[in-house]
$ cat start_1.csv   # CSV, C-alpha atoms
chain,number,residue,atom,x,y,z
N,305,MET,CA,29.0,9.4,45.6
N,306,GLY,CA,31.9,11.6,46.9
N,307,ASN,CA,31.8,15.3,47.4
N,308,ARG,CA,33.6,15.8,44.2
N,309,ALA,CA,31.9,15.3,40.8
N,310,THR,CA,33.5,12.9,38.5
N,311,THR,CA,34.8,14.0,35.1
N,312,GLU,CA,32.0,12.1,33.5
N,313,GLN,CA,29.4,14.1,35.5
N,314,ARG,CA,31.0,17.4,34.3
N,315,THR,CA,30.6,16.5,30.6
N,316,ILE,CA,28.0,18.5,28.6
N,317,ARG,CA,26.9,17.3,25.2
N,318,ILE,CA,26.3,19.8,22.4
N,319,GLU,CA,22.6,20.1,21.5
N,320,LYS,CA,21.0,21.1,18.3
N,321,LEU,CA,20.4,24.9,18.2
N,322,THR,CA,16.8,25.9,17.6
N,323,SER,CA,14.8,29.1,18.4
N,324,GLU,CA,12.7,27.2,20.9
N,325,VAL,CA,15.5,25.7,23.0
N,326,PHE,CA,17.4,29.0,22.9
N,327,MET,CA,14.5,31.2,23.9
N,328,PRO,CA,15.2,31.4,27.6
N,329,PHE,CA,18.7,32.8,26.8
N,330,GLY,CA,17.9,35.0,23.8
N,331,GLU,CA,17.2,34.8,20.1
N,332,LEU,CA,18.5,32.6,17.3
N,333,ILE,CA,18.7,34.9,14.3
N,334,GLU,CA,18.2,33.0,11.1
N,335,THR,CA,16.0,33.3,7.9
N,336,GLY,CA,13.8,30.3,8.7
N,337,GLY,CA,10.7,30.6,10.9
N,338,THR,CA,9.4,34.1,10.3
N,339,SER,CA,7.9,35.5,7.1
N,340,PRO,CA,10.0,38.2,5.4
N,341,ILE,CA,8.9,41.6,4.1
N,342,VAL,CA,9.8,41.8,0.4
N,343,ILE,CA,11.7,45.0,-0.5
N,344,ASN,CA,13.8,46.4,-3.3
N,345,GLU,CA,11.4,45.6,-6.1
N,346,GLY,CA,11.2,42.0,-5.1
N,347,ARG,CA,14.9,41.4,-5.0
N,348,CYS,CA,15.4,41.2,-1.3
N,349,GLU,CA,13.7,39.6,1.7
N,350,ARG,CA,13.9,41.4,4.9
N,351,PHE,CA,13.5,39.3,8.1
N,352,SER,CA,12.9,42.2,10.4
N,353,ASP,CA,13.9,42.9,14.0
N,354,LEU,CA,14.9,39.5,15.1
N,355,ALA,CA,16.9,40.3,18.2
N,356,GLY,CA,15.6,41.5,21.5
N,357,VAL,CA,18.4,44.1,21.9
N,358,GLU,CA,18.5,46.1,25.2
N,359,PHE,CA,21.0,48.7,26.3
N,360,ILE,CA,20.7,50.3,29.7
N,361,GLY,CA,22.4,53.7,30.2
N,362,GLY,CA,24.3,53.5,27.0
N,363,ARG,CA,23.7,52.9,23.3
N,364,ALA,CA,24.1,50.2,20.6
N,365,GLY,CA,27.4,49.9,18.9
N,366,VAL,CA,28.8,47.7,16.2
N,367,SER,CA,32.2,46.1,16.9
N,368,LEU,CA,34.3,43.3,15.3
N,369,PHE,CA,35.6,40.3,17.3
N,370,GLN,CA,38.5,38.4,15.8
N,371,ALA,CA,38.6,35.2,17.9
N,372,GLU,CA,41.0,32.3,18.1
N,373,LEU,CA,39.6,29.0,16.9
N,374,ARG,CA,39.0,26.4,19.6
N,375,ARG,CA,38.9,22.6,19.4
N,376,LEU,CA,36.4,20.1,20.7
N,377,PRO,CA,36.1,18.9,23.4
N,378,HIS,CA,36.1,22.4,24.8
N,379,THR,CA,37.1,23.0,28.4
N,380,LEU,CA,34.8,25.6,30.0
N,381,THR,CA,36.3,27.3,33.0
N,382,MET,CA,34.3,30.6,33.1
N,383,LEU,CA,30.9,32.1,32.4
N,384,GLU,CA,30.2,35.8,32.2
N,385,ARG,CA,27.2,38.0,31.9
N,386,HIS,CA,26.5,41.7,31.0
N,387,PRO,CA,24.1,43.4,33.5
N,388,LEU,CA,23.6,46.5,31.3
N,389,GLY,CA,23.0,45.1,27.8
N,390,SER,CA,22.3,42.3,25.4
N,391,GLN,CA,25.1,41.0,23.1
N,392,CYS,CA,24.5,39.9,19.5
N,393,PHE,CA,27.1,37.8,17.7
N,394,ILE,CA,27.0,37.7,13.8
N,395,PRO,CA,29.4,35.3,12.1
N,396,MET,CA,31.2,36.8,9.2
N,397,ASN,CA,33.2,35.0,6.6
N,398,GLN,CA,32.2,31.4,7.5
N,399,SER,CA,32.5,30.8,11.2
N,400,GLU,CA,30.9,27.9,13.0
N,401,TYR,CA,30.8,28.5,16.7
N,402,LEU,CA,29.9,26.9,20.0
N,403,VAL,CA,27.3,28.8,22.1
N,404,ILE,CA,27.3,28.1,25.8
N,405,VAL,CA,24.6,29.5,28.0
N,406,ALA,CA,23.3,28.9,31.5
N,407,ALA,CA,20.3,29.9,33.6
N,408,ASP,CA,20.9,31.9,36.8
N,409,GLU,CA,20.6,30.2,40.1
N,410,GLY,CA,20.9,32.7,43.0
N,411,GLY,CA,23.5,34.8,41.3
N,412,ARG,CA,25.5,32.0,39.8
N,413,PRO,CA,25.2,30.0,36.6
N,414,SER,CA,23.4,26.7,36.8
N,415,THR,CA,24.5,23.8,34.7
N,416,PRO,CA,25.4,25.2,31.3
N,417,ARG,CA,23.9,24.1,27.9
N,418,ALA,CA,25.9,24.1,24.7
N,419,PHE,CA,24.8,24.5,21.1
N,420,MET,CA,26.6,24.6,17.8
N,421,ALA,CA,25.7,27.6,15.6
N,422,SER,CA,26.4,27.5,11.8
N,423,SER,CA,27.8,30.4,9.8
N,424,THR,CA,24.3,31.4,8.8
N,425,GLN,CA,23.1,31.6,12.4
N,426,SER,CA,23.5,34.7,14.5
N,427,ILE,CA,22.6,34.8,18.2
N,428,ASN,CA,21.5,37.5,20.6
N,429,ILE,CA,22.2,36.8,24.2
N,430,LYS,CA,19.8,38.6,26.6
N,431,ARG,CA,21.0,41.1,29.1
N,432,ASN,CA,22.3,39.5,32.3
N,433,THR,CA,22.3,36.0,30.9
N,434,TRP,CA,25.3,33.8,31.7
N,435,HIS,CA,27.3,32.7,28.7
N,436,GLY,CA,30.7,31.4,27.6
N,437,VAL,CA,33.1,33.6,25.7
N,438,LEU,CA,33.0,33.6,21.9
N,439,THR,CA,34.2,30.1,20.8
N,440,PRO,CA,34.5,29.6,17.1
N,441,ILE,CA,35.3,26.0,16.1
N,442,ASN,CA,35.7,26.4,12.3
N,443,GLY,CA,36.2,29.2,9.8
N,444,SER,CA,37.7,32.6,10.1
N,445,GLY,CA,36.8,33.5,13.7
N,446,LEU,CA,35.6,36.9,12.6
N,447,PHE,CA,32.3,38.2,14.1
N,448,ALA,CA,30.4,41.4,14.1
N,449,VAL,CA,29.0,42.1,17.6
N,450,VAL,CA,26.1,44.5,18.5
N,451,ASP,CA,26.4,45.3,22.1
N,452,ARG,CA,26.3,48.2,24.6
N,453,ILE,CA,28.7,51.1,24.4
N,454,GLY,CA,28.8,53.2,27.5
N,455,ASP,CA,30.3,53.8,30.9
N,456,GLY,CA,29.7,51.6,33.9
N,457,ASN,CA,30.6,48.0,34.8
N,458,ASN,CA,28.9,45.8,32.3
N,459,LEU,CA,30.8,42.6,33.0
N,460,GLU,CA,30.4,39.9,35.7
N,461,GLU,CA,32.5,36.8,35.6
N,462,HIS,CA,32.0,33.5,37.3
N,463,TRP,CA,35.0,31.2,37.4
N,464,LEU,CA,34.0,27.6,37.9
N,465,LYS,CA,35.6,25.6,40.7
N,466,GLU,CA,35.7,22.6,38.4
N,467,ALA,CA,35.7,22.9,34.6
N,468,TYR,CA,33.1,21.4,32.3
N,469,LEU,CA,34.0,19.5,29.2
N,470,ILE,CA,31.8,20.4,26.2
N,471,THR,CA,31.7,17.6,23.7
N,472,GLU,CA,29.9,16.4,20.6
Z,518,MET,CA,26.8,68.3,-26.6
Z,519,GLY,CA,23.1,67.7,-26.6
Z,520,ASN,CA,20.7,68.0,-23.6
Z,521,ARG,CA,20.8,64.3,-23.1
Z,522,ALA,CA,23.9,62.7,-21.6
Z,523,THR,CA,25.3,59.9,-23.6
Z,524,THR,CA,25.6,56.4,-22.2
Z,525,GLU,CA,29.3,56.8,-21.9
Z,526,GLN,CA,28.9,59.9,-19.6
Z,527,ARG,CA,26.5,57.9,-17.4
Z,528,THR,CA,29.1,55.2,-16.7
Z,529,ILE,CA,30.5,55.0,-13.2
Z,530,ARG,CA,33.7,53.0,-12.5
Z,531,ILE,CA,33.9,51.0,-9.3
Z,532,GLU,CA,36.5,52.4,-6.9
Z,533,LYS,CA,38.6,50.8,-4.2
Z,534,LEU,CA,36.9,50.9,-0.9
Z,535,THR,CA,38.9,52.5,1.9
Z,536,SER,CA,37.9,54.2,5.2
Z,537,GLU,CA,39.1,57.5,3.9
Z,538,VAL,CA,37.1,57.6,0.7
Z,539,PHE,CA,34.0,56.3,2.4
Z,540,MET,CA,34.1,58.7,5.3
Z,541,PRO,CA,31.7,61.3,3.9
Z,542,PHE,CA,29.1,58.6,3.6
Z,543,GLY,CA,29.7,56.5,6.7
Z,544,GLU,CA,32.1,54.0,8.1
Z,545,LEU,CA,34.0,51.0,6.6
Z,546,ILE,CA,34.0,48.4,9.3
Z,547,GLU,CA,37.0,46.1,9.1
Z,548,THR,CA,39.8,44.9,11.4
Z,549,GLY,CA,42.6,46.9,9.8
Z,550,GLY,CA,43.3,50.5,10.9
Z,551,THR,CA,42.4,50.6,14.6
Z,552,SER,CA,44.1,48.9,17.5
Z,553,PRO,CA,42.0,46.2,19.2
Z,554,ILE,CA,41.3,45.6,22.8
Z,555,VAL,CA,42.5,42.1,23.8
Z,556,ILE,CA,39.8,40.2,25.7
Z,557,ASN,CA,39.0,36.6,26.8
Z,558,GLU,CA,42.4,35.8,28.2
Z,559,GLY,CA,44.2,36.9,25.0
Z,560,ARG,CA,42.1,34.8,22.7
Z,561,CYS,CA,40.0,37.5,21.1
Z,562,GLU,CA,40.7,40.9,19.7
Z,563,ARG,CA,37.8,43.4,20.0
Z,564,PHE,CA,37.8,46.3,17.5
Z,565,SER,CA,35.3,48.3,19.4
Z,566,ASP,CA,32.5,50.7,18.3
Z,567,LEU,CA,33.3,51.0,14.6
Z,568,ALA,CA,30.0,52.4,13.3
Z,569,GLY,CA,28.5,55.8,13.9
Z,570,VAL,CA,25.0,54.4,14.4
Z,571,GLU,CA,22.2,56.9,14.9
Z,572,PHE,CA,18.5,56.2,15.5
Z,573,ILE,CA,16.1,59.1,15.9
Z,574,GLY,CA,12.7,58.4,17.6
Z,575,GLY,CA,13.2,54.7,17.5
Z,576,ARG,CA,15.7,52.0,18.5
Z,577,ALA,CA,18.4,49.8,17.0
Z,578,GLY,CA,17.3,46.5,15.6
Z,579,VAL,CA,19.0,43.5,14.0
Z,580,SER,CA,17.5,42.1,10.8
Z,581,LEU,CA,18.5,39.7,8.1
Z,582,PHE,CA,18.4,40.6,4.4
Z,583,GLN,CA,18.5,37.8,1.9
Z,584,ALA,CA,19.2,39.6,-1.4
Z,585,GLU,CA,19.3,38.4,-5.0
Z,586,LEU,CA,22.8,38.4,-6.6
Z,587,ARG,CA,23.3,41.0,-9.3
Z,588,ARG,CA,25.7,41.1,-12.2
Z,589,LEU,CA,28.2,43.7,-13.4
Z,590,PRO,CA,27.8,46.0,-15.1
Z,591,HIS,CA,25.0,47.1,-12.8
Z,592,THR,CA,22.2,49.4,-13.9
Z,593,LEU,CA,21.4,51.9,-11.2
Z,594,THR,CA,17.9,53.4,-11.5
Z,595,MET,CA,17.2,54.6,-7.9
Z,596,LEU,CA,18.9,55.9,-4.8
Z,597,GLU,CA,17.3,56.0,-1.4
Z,598,ARG,CA,18.0,57.5,2.0
Z,599,HIS,CA,16.8,57.1,5.6
Z,600,PRO,CA,16.1,60.4,7.3
Z,601,LEU,CA,15.6,58.8,10.8
Z,602,GLY,CA,18.5,56.4,11.0
Z,603,SER,CA,21.8,54.9,9.9
Z,604,GLN,CA,22.0,51.5,8.3
Z,605,CYS,CA,24.7,49.0,8.8
Z,606,PHE,CA,25.3,46.1,6.5
Z,607,ILE,CA,27.2,43.0,7.7
Z,608,PRO,CA,27.9,40.3,5.1
Z,609,MET,CA,27.4,36.8,6.4
Z,610,ASN,CA,28.5,33.6,4.8
Z,611,GLN,CA,30.7,35.0,2.1
Z,612,SER,CA,29.1,37.9,0.3
Z,613,GLU,CA,30.9,40.4,-1.9
Z,614,TYR,CA,28.8,43.4,-2.6
Z,615,LEU,CA,28.6,46.7,-4.5
Z,616,VAL,CA,28.2,49.8,-2.3
Z,617,ILE,CA,26.8,52.8,-4.1
Z,618,VAL,CA,26.5,56.2,-2.4
Z,619,ALA,CA,26.0,59.8,-3.3
Z,620,ALA,CA,26.4,63.2,-1.7
Z,621,ASP,CA,23.2,65.3,-1.4
Z,622,GLU,CA,22.8,68.3,-3.8
Z,623,GLY,CA,19.7,70.3,-2.9
Z,624,GLY,CA,17.6,67.4,-1.9
Z,625,ARG,CA,18.7,65.1,-4.7
Z,626,PRO,CA,21.7,62.7,-5.0
Z,627,SER,CA,24.7,64.1,-6.9
Z,628,THR,CA,26.8,61.8,-9.1
Z,629,PRO,CA,27.0,58.5,-7.3
Z,630,ARG,CA,30.2,56.7,-6.4
Z,631,ALA,CA,30.6,53.0,-6.3
Z,632,PHE,CA,32.8,50.7,-4.3
Z,633,MET,CA,33.3,46.9,-4.0
Z,634,ALA,CA,33.2,45.5,-0.5
Z,635,SER,CA,34.6,42.1,0.4
Z,636,SER,CA,33.0,39.5,2.6
Z,637,THR,CA,35.1,40.7,5.5
Z,638,GLN,CA,34.0,44.4,5.1
Z,639,SER,CA,30.9,45.7,6.7
Z,640,ILE,CA,29.7,49.2,6.1
Z,641,ASN,CA,27.6,51.7,8.0
Z,642,ILE,CA,25.7,54.3,5.9
Z,643,LYS,CA,25.0,57.5,7.8
Z,644,ARG,CA,21.5,58.8,8.4
Z,645,ASN,CA,20.1,60.7,5.5
Z,646,THR,CA,22.9,59.6,3.1
Z,647,TRP,CA,21.8,58.6,-0.5
Z,648,HIS,CA,22.7,55.0,-1.4
Z,649,GLY,CA,21.7,52.2,-3.7
Z,650,VAL,CA,19.9,49.2,-2.4
Z,651,LEU,CA,21.8,46.1,-1.3
Z,652,THR,CA,23.6,44.7,-4.3
Z,653,PRO,CA,25.6,41.5,-3.6
Z,654,ILE,CA,27.7,40.3,-6.6
Z,655,ASN,CA,29.1,37.1,-5.3
Z,656,GLY,CA,28.3,34.7,-2.4
Z,657,SER,CA,25.2,33.9,-0.5
Z,658,GLY,CA,23.5,37.3,-0.5
Z,659,LEU,CA,22.8,37.0,3.2
Z,660,PHE,CA,23.4,40.1,5.3
Z,661,ALA,CA,22.8,41.1,8.9
Z,662,VAL,CA,21.5,44.7,9.0
Z,663,VAL,CA,21.5,47.0,12.0
Z,664,ASP,CA,19.1,49.8,11.4
Z,665,ARG,CA,16.2,51.8,13.0
Z,666,ILE,CA,13.1,50.0,14.2
Z,667,GLY,CA,10.3,52.4,14.9
Z,668,ASP,CA,7.3,54.3,13.5
Z,669,GLY,CA,7.4,57.2,11.0
Z,670,ASN,CA,8.5,57.5,7.4
Z,671,ASN,CA,12.2,56.5,7.3
Z,672,LEU,CA,12.5,56.1,3.5
Z,673,GLU,CA,13.0,58.6,0.7
Z,674,GLU,CA,13.5,57.4,-2.8
Z,675,HIS,CA,15.0,59.2,-5.8
Z,676,TRP,CA,14.3,57.6,-9.2
Z,677,LEU,CA,16.8,58.7,-11.8
Z,678,LYS,CA,15.6,60.1,-15.1
Z,679,GLU,CA,18.4,58.3,-16.8
Z,680,ALA,CA,20.1,55.2,-15.3
Z,681,TYR,CA,23.8,54.9,-14.5
Z,682,LEU,CA,25.8,52.0,-15.5
Z,683,ILE,CA,28.2,50.8,-12.8
Z,684,THR,CA,31.2,48.9,-14.2
Z,685,GLU,CA,34.6,47.6,-13.2

$ encode --input "start_1.csv" --output "structure tokens"
Amino acid sequence: MGNRATTEQRTIRIEKLTSEVFMPFGELIETGGTSPIVINEGRCERFSDLAGVEFIGGRAGVSLFQAELRRLPHTLTMLERHPLGSQCFIPMNQSEYLVIVAADEGGRPSTPRAFMASSTQSINIKRNTWHGVLTPINGSGLFAVVDRIGDGNNLEEHWLKEAYLITE
Amino acid sequence: MGNRATTEQRTIRIEKLTSEVFMPFGELIETGGTSPIVINEGRCERFSDLAGVEFIGGRAGVSLFQAELRRLPHTLTMLERHPLGSQCFIPMNQSEYLVIVAADEGGRPSTPRAFMASSTQSINIKRNTWHGVLTPINGSGLFAVVDRIGDGNNLEEHWLKEAYLITE
């Protein structure tokens, strides 16, 4: 084995997204799993408080992200994290998207994991958790985002020496 | 004219939803209007901090509402408000919905106004603003909701003596 990883070694296969596998990185927000509260005279189910939102020295805000669609296989060159707040992505108007996350290993991302989220699945990424940028694969690319609004540096980027190829 | 309003007088026509007309009640959250910040190497537009969220004695939470579809004309029998927090509705997976709001008049809702929101339009309803319950007309009826999580009574209901008919 040489010093340089082969392309094959740098390939990451997309896994099935479930609450359990995503738990180290944040929350999968979907209607399955928990029991709802029934409100509005029986006409609405409320699945309450599904995201572990956290905002240090700032406040929650709601923003819209209009992201360019990407294609598979996806070349991953950078991971980022937000030391001061969680970040919740809510697909609007039919967007299927790739979710890339990684555990921390001494201040750098370890080997990333990739999941495909459907248009009925939102995700909340924990504060200070390494993740790829928003990567819609199908649909409109429109997302609502609940994250921290406030002063201070809330972005850390890690550029990879060698890219990963994310594939089905 | 008698003491009792006729059905005709109690009919409310659905208006076009714009930021300007909705301003007294909250924010219309959509990509038009404001200039985005360009992020992620030019591949994503961020329309930042579009909702005037406010949470008194609690914190922001993200929930899912799975609401039954309604039909037009819609019979409005109740308005509610939340004294301790704003409430933001984000349509997921193609939901068109009726937004009903009313100004306050001495502790009761004045004549309501009704708007139709598309699946690319989210809304934030200000703290303590009278509104109808979530009323999807088309689509999946699935919404993400950003509202206050915390103890205390955050719900006030006003049942109308006579219903309003909301119509196109």

$ atom_distance --input "start_1.csv" --atom1 "CA of Glu685 in chain Z" --atom2 "CA of Ile607 in chain Z"
22.6 Å

$ residues_around --input "start_1.csv" --residues "Thr335 in chain N" --least-positions-apart "2" --cutoff "10 Å" --atoms "only C-alpha atoms" --output "list in words"
Leu332, Ile333, Gly337, Thr338, Ser339, Pro340, Glu349, Arg350, Phe351, Ser352, Leu354, Thr424 and Gln425 of chain N; Ser580, Leu581, Phe582, Gln583 and Leu659 of chain Z

$ calpha_fit_and_write --input "start_1.csv" --fixed "chain N" --moving "chain Z" --output "short mmCIF file (atom, residue, chain, number, x, y, z; two decimals) with C-alpha atoms, keeping the file's coordinate frame"
data_model
loop_
_atom_site.label_atom_id
_atom_site.label_comp_id
_atom_site.auth_asym_id
_atom_site.auth_seq_id
_atom_site.Cartn_x
_atom_site.Cartn_y
_atom_site.Cartn_z
CA MET Z 518 29.23 9.38 45.54
CA GLY Z 519 31.96 11.58 46.89
CA ASN Z 520 31.84 15.40 47.34
CA ARG Z 521 33.71 15.87 44.14
CA ALA Z 522 31.93 15.32 40.84
CA THR Z 523 33.66 12.98 38.53
CA THR Z 524 34.84 14.06 35.10
CA GLU Z 525 32.09 12.11 33.50
CA GLN Z 526 29.39 14.10 35.46
CA ARG Z 527 31.02 17.36 34.32
CA THR Z 528 30.60 16.49 30.63
CA ILE Z 529 28.10 18.50 28.64
CA ARG Z 530 26.88 17.26 25.22
CA ILE Z 531 26.35 19.80 22.48
CA GLU Z 532 22.68 20.16 21.55
CA LYS Z 533 20.95 21.17 18.35
CA LEU Z 534 20.36 24.83 18.20
CA THR Z 535 16.76 25.86 17.60
CA SER Z 536 14.77 29.06 18.40
CA GLU Z 537 12.70 27.19 20.89
CA VAL Z 538 15.50 25.77 22.99
CA PHE Z 539 17.42 29.01 22.92
CA MET Z 540 14.51 31.22 23.87
CA PRO Z 541 15.21 31.40 27.61
CA PHE Z 542 18.62 32.78 26.81
CA GLY Z 543 17.94 35.01 23.81
CA GLU Z 544 17.19 34.82 20.16
CA LEU Z 545 18.47 32.59 17.28
CA ILE Z 546 18.68 34.87 14.31
CA GLU Z 547 18.20 33.02 11.04
CA THR Z 548 15.98 33.28 7.94
CA GLY Z 549 13.80 30.27 8.69
CA GLY Z 550 10.69 30.62 10.90
CA THR Z 551 9.39 34.14 10.23
CA SER Z 552 7.87 35.55 7.08
CA PRO Z 553 9.97 38.25 5.38
CA ILE Z 554 9.00 41.59 4.08
CA VAL Z 555 9.80 41.82 0.34
CA ILE Z 556 11.72 45.01 -0.48
CA ASN Z 557 13.81 46.49 -3.35
CA GLU Z 558 11.41 45.65 -6.12
CA GLY Z 559 11.18 41.97 -5.09
CA ARG Z 560 14.90 41.42 -5.00
CA CYS Z 561 15.44 41.26 -1.27
CA GLU Z 562 13.68 39.60 1.58
CA ARG Z 563 13.92 41.46 4.94
CA PHE Z 564 13.44 39.34 8.09
CA SER Z 565 12.94 42.27 10.32
CA ASP Z 566 13.86 42.95 13.99
CA LEU Z 567 14.99 39.47 15.04
CA ALA Z 568 16.92 40.31 18.22
CA GLY Z 569 15.59 41.56 21.51
CA VAL Z 570 18.41 44.07 21.94
CA GLU Z 571 18.49 46.03 25.18
CA PHE Z 572 20.98 48.72 26.25
CA ILE Z 573 20.61 50.35 29.64
CA GLY Z 574 22.37 53.74 30.20
CA GLY Z 575 24.28 53.50 27.00
CA ARG Z 576 23.77 52.93 23.26
CA ALA Z 577 24.07 50.21 20.64
CA GLY Z 578 27.41 49.84 18.97
CA VAL Z 579 28.87 47.65 16.23
CA SER Z 580 32.23 46.00 16.87
CA LEU Z 581 34.33 43.31 15.32
CA PHE Z 582 35.69 40.35 17.29
CA GLN Z 583 38.50 38.36 15.79
CA ALA Z 584 38.61 35.22 17.96
CA GLU Z 585 41.03 32.29 18.11
CA LEU Z 586 39.57 28.94 16.90
CA ARG Z 587 39.04 26.38 19.63
CA ARG Z 588 38.87 22.62 19.46
CA LEU Z 589 36.33 20.09 20.72
CA PRO Z 590 36.06 18.87 23.32
CA HIS Z 591 36.08 22.34 24.85
CA THR Z 592 37.06 23.01 28.44
CA LEU Z 593 34.78 25.58 29.98
CA THR Z 594 36.29 27.34 33.02
CA MET Z 595 34.26 30.62 33.17
CA LEU Z 596 30.88 32.08 32.37
CA GLU Z 597 30.18 35.76 32.14
CA ARG Z 598 27.17 38.05 31.91
CA HIS Z 599 26.41 41.68 31.01
CA PRO Z 600 24.08 43.35 33.47
CA LEU Z 601 23.62 46.53 31.30
CA GLY Z 602 23.07 45.07 27.86
CA SER Z 603 22.38 42.29 25.38
CA GLN Z 604 25.04 41.00 23.05
CA CYS Z 605 24.53 39.91 19.54
CA PHE Z 606 26.99 37.80 17.65
CA ILE Z 607 27.00 37.76 13.82
CA PRO Z 608 29.42 35.34 12.14
CA MET Z 609 31.17 36.81 9.14
CA ASN Z 610 33.13 34.98 6.53
CA GLN Z 611 32.22 31.45 7.45
CA SER Z 612 32.43 30.84 11.16
CA GLU Z 613 30.88 27.91 13.00
CA TYR Z 614 30.81 28.48 16.69
CA LEU Z 615 29.93 26.94 20.06
CA VAL Z 616 27.28 28.85 22.05
CA ILE Z 617 27.29 28.11 25.75
CA VAL Z 618 24.65 29.54 28.09
CA ALA Z 619 23.29 28.98 31.54
CA ALA Z 620 20.25 29.92 33.57
CA ASP Z 621 20.91 31.97 36.74
CA GLU Z 622 20.58 30.16 40.14
CA GLY Z 623 20.95 32.64 42.99
CA GLY Z 624 23.52 34.79 41.36
CA ARG Z 625 25.54 31.96 39.87
CA PRO Z 626 25.18 30.03 36.55
CA SER Z 627 23.36 26.69 36.82
CA THR Z 628 24.45 23.76 34.63
CA PRO Z 629 25.38 25.21 31.29
CA ARG Z 630 23.95 24.12 27.97
CA ALA Z 631 25.82 24.09 24.75
CA PHE Z 632 24.78 24.50 21.16
CA MET Z 633 26.55 24.58 17.75
CA ALA Z 634 25.72 27.52 15.53
CA SER Z 635 26.38 27.54 11.81
CA SER Z 636 27.85 30.35 9.78
CA THR Z 637 24.37 31.42 8.78
CA GLN Z 638 23.10 31.61 12.44
CA SER Z 639 23.53 34.68 14.50
CA ILE Z 640 22.54 34.78 18.11
CA ASN Z 641 21.48 37.46 20.55
CA ILE Z 642 22.20 36.79 24.27
CA LYS Z 643 19.83 38.63 26.58
CA ARG Z 644 21.01 41.12 29.16
CA ASN Z 645 22.22 39.53 32.33
CA THR Z 646 22.25 35.99 30.83
CA TRP Z 647 25.32 33.76 31.73
CA HIS Z 648 27.30 32.63 28.67
CA GLY Z 649 30.72 31.45 27.65
CA VAL Z 650 33.00 33.67 25.69
CA LEU Z 651 33.07 33.55 21.90
CA THR Z 652 34.21 30.11 20.85
CA PRO Z 653 34.47 29.62 17.05
CA ILE Z 654 35.30 26.00 16.02
CA ASN Z 655 35.65 26.34 12.32
CA GLY Z 656 36.15 29.24 9.84
CA SER Z 657 37.68 32.62 10.11
CA GLY Z 658 36.77 33.50 13.69
CA LEU Z 659 35.57 36.92 12.60
CA PHE Z 660 32.33 38.15 14.13
CA ALA Z 661 30.36 41.38 14.07
CA VAL Z 662 29.02 42.10 17.58
CA VAL Z 663 26.19 44.44 18.47
CA ASP Z 664 26.38 45.27 22.11
CA ARG Z 665 26.27 48.20 24.64
CA ILE Z 666 28.73 51.05 24.32
CA GLY Z 667 28.77 53.18 27.42
CA ASP Z 668 30.27 53.75 30.88
CA GLY Z 669 29.72 51.56 33.98
CA ASN Z 670 30.61 48.00 34.85
CA ASN Z 671 28.88 45.78 32.25
CA LEU Z 672 30.79 42.54 33.01
CA GLU Z 673 30.37 39.90 35.69
CA GLU Z 674 32.48 36.82 35.60
CA HIS Z 675 31.93 33.45 37.29
CA TRP Z 676 34.99 31.17 37.44
CA LEU Z 677 34.02 27.56 37.94
CA LYS Z 678 35.59 25.54 40.73
CA GLU Z 679 35.69 22.59 38.44
CA ALA Z 680 35.68 22.91 34.61
CA TYR Z 681 33.09 21.39 32.29
CA LEU Z 682 34.01 19.51 29.28
CA ILE Z 683 31.85 20.33 26.26
CA THR Z 684 31.73 17.50 23.70
CA GLU Z 685 29.82 16.35 20.65
#

$ closest_residue --input "start_1.csv" --among "N:Tyr468, N:Phe447, N:Phe419, N:Trp434" --to "Phe329 in chain N" --atoms "all atoms listed in the file"
N:Trp434

$ closest_residue --input "start_1.csv" --among "N:Leu388, N:Leu373, N:Ile470, N:Ala421" --to "Thr433 in chain N" --atoms "only C-alpha atoms"
N:Leu388

$ closest_residue --input "start_1.csv" --among "Z:Val663, Z:Leu593, Z:Leu677, Z:Leu615" --to "chain N" --atoms "only C-alpha atoms"
Z:Val663

$ atom_distance --input "start_1.csv" --atom1 "CA of Met382 in chain N" --atom2 "CA of Met609 in chain Z"
28.3 Å

$ closest_residue --input "start_1.csv" --among "N:Gly361, N:Pro416, N:Pro440, N:Gly410" --to "chain Z" --atoms "all atoms listed in the file"
N:Pro440

$ residues_near_point --input "start_1.csv" --point "(23.8, 24.4, 16.9)" --cutoff "12 Å" --atoms "only C-alpha atoms" --output "PyMOL selection string"
chain N and resi 317-323+325-326+332-334+400-404+417-427+440-441+472

$ closest_residue --input "start_1.csv" --among "N:Asn457, N:Asn344, N:Ala467, N:Arg412" --to "Glu597 in chain Z" --atoms "only C-alpha atoms"
N:Asn344

$ closest_residue --input "start_1.csv" --among "Z:Asp621, Z:Glu679, Z:Glu585, Z:Glu674" --to "chain N" --atoms "only C-alpha atoms"
Z:Glu585
